[in-house]
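Trainee: A single structure is presented below for examination.
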Amino acid sequence: MALNFELVTPASLVLSEEVYMVVVPGTEGEFGVLEGHAPFMSTIRDGAVQVYRTAGGAPDNIEVRGGFAEVSEAGLTVLAEQVIA
Amino acid sequence: MASLKELKGRINSVKSTQKITKAKQMVAAAKLRRAQAAAEAGRPYATRLAAVMASLAGKVSGDAAPRLLAGTGGNQRHLLVVVNTDKGLCGGLNSNIVKEARNQARMLQADGKDVEFYLVGKKGRAPLKRDFPASIKDGYDTSLVRTPGFAEAAAIADELVAMFEAGRFDVAHLIAPVFKSALVQDPVTRQLIPVPAPAVTQASDAVVEYEPDEEQILDELLPRYIKTQLFGALLEREASEQGASMTAMDNATRNAGDLIQKLTIQYNRSRQAAITTELIEIIAGAEAL
């Protein structure tokens with residue numbers, strides 16, 4: 001019951017861990033990704049990626065600027081141009 | 001034979017040169033570690049982006065493909081993007097890059113193509129301008145910032161894409177050093193625009209949904225891919241510069257040491273010779289009485 005989530009910027013691999021759910025700000029609307037999500041790809045707009053480490057827990061918000069999100073069998077990969085700490 | 005005073009002066013000047021080269025070597029060694037770490041940290045993004053590119057490029061082809069992928073259809077005007085360092089004191093690195101650029105340009109010209117240069121970094125400007133005075137068009141100055149980062153790479157990429165869209169060239173090549181070790185940094189030429197179609201990894205059967213559609217994603221992805229390529233080149237350049245500088249300064253320090261040793265021996269010999277001459281004069285004088 002865990003989603004493999006990776007957040008990568010050109011400067012570094014920011015995050016790589018198992019999480020419960022991630023809500024990504026897609027260009028055409030936010031979408032949540034759980035384990036076993038169908039293959040999907042979207043560009044993202046500037047906004048916060050919400051990382052839920054546990055079911056029902058409070059999310060960690062990570063501000064990102066521009067990039068892509070890709071969901072495959074291996075998990076979710078967010079390629080962001082910039083991460084604002 | 002140089003006088004004692006002259007020799008002393010030379011020894012001192014070589015010693016201060018050695019101090020400078022030694023300091024530069026240590027600075028380069030410290031910076032190299034950081035530059036190497038940065039170059040390694042940038043790799044995951046590049047590999048993942050390439051993977052996404054490969055899966056997308058296989059799906060979008062034919063007339064629908066954006067121009068950055070398909071090209072202008074022409075193959076006449078070539079742009080060479082040459083990435084040099086801003087500072088010297090790094091051995092043969094810059095002259096190797098310039099040599100590679102010159103060879104590429106000569107080869108293209110021999111095929112009857114038009115060649116233009118886009119120069120990044122200061123050190124390539126003078127030698128390339130000497131050989132191809134009419135071909136130097138534009139450049140990007142990276143010497144204003146201390147460590148060029150993604151913002152600079154993005155600025156360069158935007159300018160290149162704008163030039164491509166304005167129809168200023170058909171094909172762009174990137175010539176940049178690739179850091180292998182502190183001893184080896186080879187300049188490598190890669191095609192930048194149109195983006196070379198990546199080798200398609202086995203097309204997965206899973207139906208991928210795209211939002212917005214494939215073409216629009218690819219439209220956004222291609223400029224980003226070029227940015228990443230340039231960013232990678234800047235990181236490699238940084239690591240190469242420090243590596244080459246460290247090696248060159250190590251050699252220079254050793255040479256200075258040898259020179260000091262030789263000069264010291266010469267200095268001591270002539271000092272002894274002078275003393276001996278004085279003694280002989282005194283003894284001869286005493287005997288004459």
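Scheme for the structure tokens: letters A, B, ... for chains in order shown; per-chain residue numbers from 1; ligand numbers from 1 in order shown.
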Tell me as JSON, numbers by chain which residues belonging to chain B come within 9 Å of chain A, counting only C-alpha atoms.
Mentor: {"B": [38, 39, 40, 41, 42, 43, 44, 45, 46, 48, 49, 52, 149, 150, 206, 207, 208, 209, 210, 211, 212, 213, 217, 220, 221, 224, 228, 231, 232]}
Trainee: Take the selection from the previous step and output its residues with C-alpha atoms, as a short mmCIF file (atom, residue, chain, number, x, y, z; two decimals), in the first residue's frame.
Mentor:
data_model
loop_
_atom_site.label_atom_id
_atom_site.label_comp_id
_atom_site.auth_asym_id
_atom_site.auth_seq_id
_atom_site.Cartn_x
_atom_site.Cartn_y
_atom_site.Cartn_z
CA ALA B 38 26.86 18.94 -8.72
CA ALA B 39 27.43 17.11 -11.99
CA GLU B 40 26.37 13.84 -10.38
CA ALA B 41 23.31 15.38 -8.74
CA GLY B 42 22.14 16.59 -12.14
CA ARG B 43 22.16 13.17 -13.74
CA PRO B 44 18.86 11.68 -12.43
CA TYR B 45 16.85 14.52 -14.00
CA ALA B 46 18.58 14.10 -17.35
CA ARG B 48 14.43 10.52 -16.48
CA LEU B 49 13.72 13.29 -18.95
CA VAL B 52 10.04 10.36 -20.95
CA GLY B 149 23.25 27.23 -12.97
CA PHE B 150 19.97 26.27 -14.51
CA ALA B 206 0.13 0.07 -21.21
CA VAL B 207 -2.11 2.79 -22.58
CA VAL B 208 -0.81 6.06 -21.21
CA GLU B 209 -3.19 8.94 -20.84
CA TYR B 210 -1.92 12.37 -21.65
CA GLU B 211 -3.11 15.67 -20.30
CA PRO B 212 -3.00 17.86 -22.40
CA ASP B 213 -2.40 15.71 -25.51
CA ILE B 217 3.36 17.89 -23.91
CA GLU B 220 6.80 21.82 -23.77
CA LEU B 221 9.18 18.98 -23.24
CA ARG B 224 13.13 21.70 -21.54
CA THR B 228 18.78 20.15 -19.61
CA PHE B 231 22.73 22.64 -18.08
CA GLY B 232 24.55 19.32 -18.21
#
Trainee: Return as a PyMOL selection string the full set of residues in chain A whose backbone-based DSSP assignment is strand (DSSP E).
Mentor: chain A and resi 3-8+13-19+21-26+29-33+40-44+47-52+60-72+75-84
Trainee: What's the 9 Å shell around Thr54 of chain A, counting only C-alpha atoms, without same-chain residues fewer than 5 positions away, as a PyMOL selection string?
Mentor: chain A and resi 19-21+59
Trainee: Go ahead and write the residues just picked, C-alpha atoms, as a compact mmCIF listing (two decimals), in the first residue's frame.
Mentor:
# COMPACT_ATOMS: atom_id res chain seq x y z
CA VAL A 19 4.27 7.54 0.38
CA TYR A 20 0.53 6.97 0.64
CA MET A 21 -0.74 9.56 -1.82
CA PRO A 59 0.09 16.62 3.85
Trainee: Which distance in Å separates atom CA of Leu235 of chain B and atom CA of Ala166 of chain B, to one decimal?
Mentor: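 Between these atoms lies a distance of 28.4 Å.
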Trainee: Looking at A:Arg45, A:Val64, A:His37, A:Glu6, which one is nearest to Pro25 of chain A, with distances taken over only C-alpha atoms?
Mentor: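 Result for the nearest residue to Pro25 of chain A: A:Arg45.
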Trainee: What are the DSSP helix (DSSP H, G or I) residues of segment 49-216 of chain B, as a PyMOL selection string?
Mentor: chain B and resi 49-57+62-64+67-70+93-110+125-131+150-165+214-216
Trainee: Rounded to one decimal place, report the atom CA of Val81 of chain B-atom CA of Val161 of chain B distance in Å.
Mentor: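 Answer for the atom CA of Val81 of chain B to atom CA of Val161 of chain B separation: 12.4 Å.
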Trainee: Show which residues sit within 9 Å of Asp60 of chain A, as a short mmCIF file (atom, residue, chain, number, x, y, z; two decimals) with N, CA and C atoms, in the first residue's frame. Count only C-alpha atoms, and ignore same-chain residues fewer than 4 positions away.
Mentor:
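Result written to part.cif:
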data_model
loop_
_atom_site.label_atom_id
_atom_site.label_comp_id
_atom_site.auth_asym_id
_atom_site.auth_seq_id
_atom_site.Cartn_x
_atom_site.Cartn_y
_atom_site.Cartn_z
N VAL A 49 2.88 20.62 -4.50
CA VAL A 49 2.67 19.18 -4.54
C VAL A 49 2.39 18.75 -3.11
N GLN A 50 1.24 18.10 -2.89
CA GLN A 50 0.90 17.69 -1.52
C GLN A 50 1.24 16.22 -1.33
N VAL A 51 2.10 15.96 -0.40
CA VAL A 51 2.54 14.59 -0.15
C VAL A 51 1.90 14.07 1.13
N TYR A 52 1.05 13.05 1.00
CA TYR A 52 0.43 12.42 2.18
C TYR A 52 1.25 11.18 2.50
N ARG A 53 1.96 11.23 3.63
CA ARG A 53 2.81 10.08 3.97
C ARG A 53 1.97 8.92 4.49
#
Trainee: Could you please determine the separation between atom CA of Leu69 of chain B and atom CA of Glu159 of chain B in Å, to one decimal place?
Mentor: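 Rounded to one decimal, the two atoms are 17.1 Å apart.
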Trainee: Counting only C-alpha atoms, which of B:Leu230, B:Ala172, B:Val178, B:Leu4 gets nearest to Ala157 of chain B?
Mentor: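 Closest to Ala157 of chain B, using only C-alpha atoms: B:Leu230.
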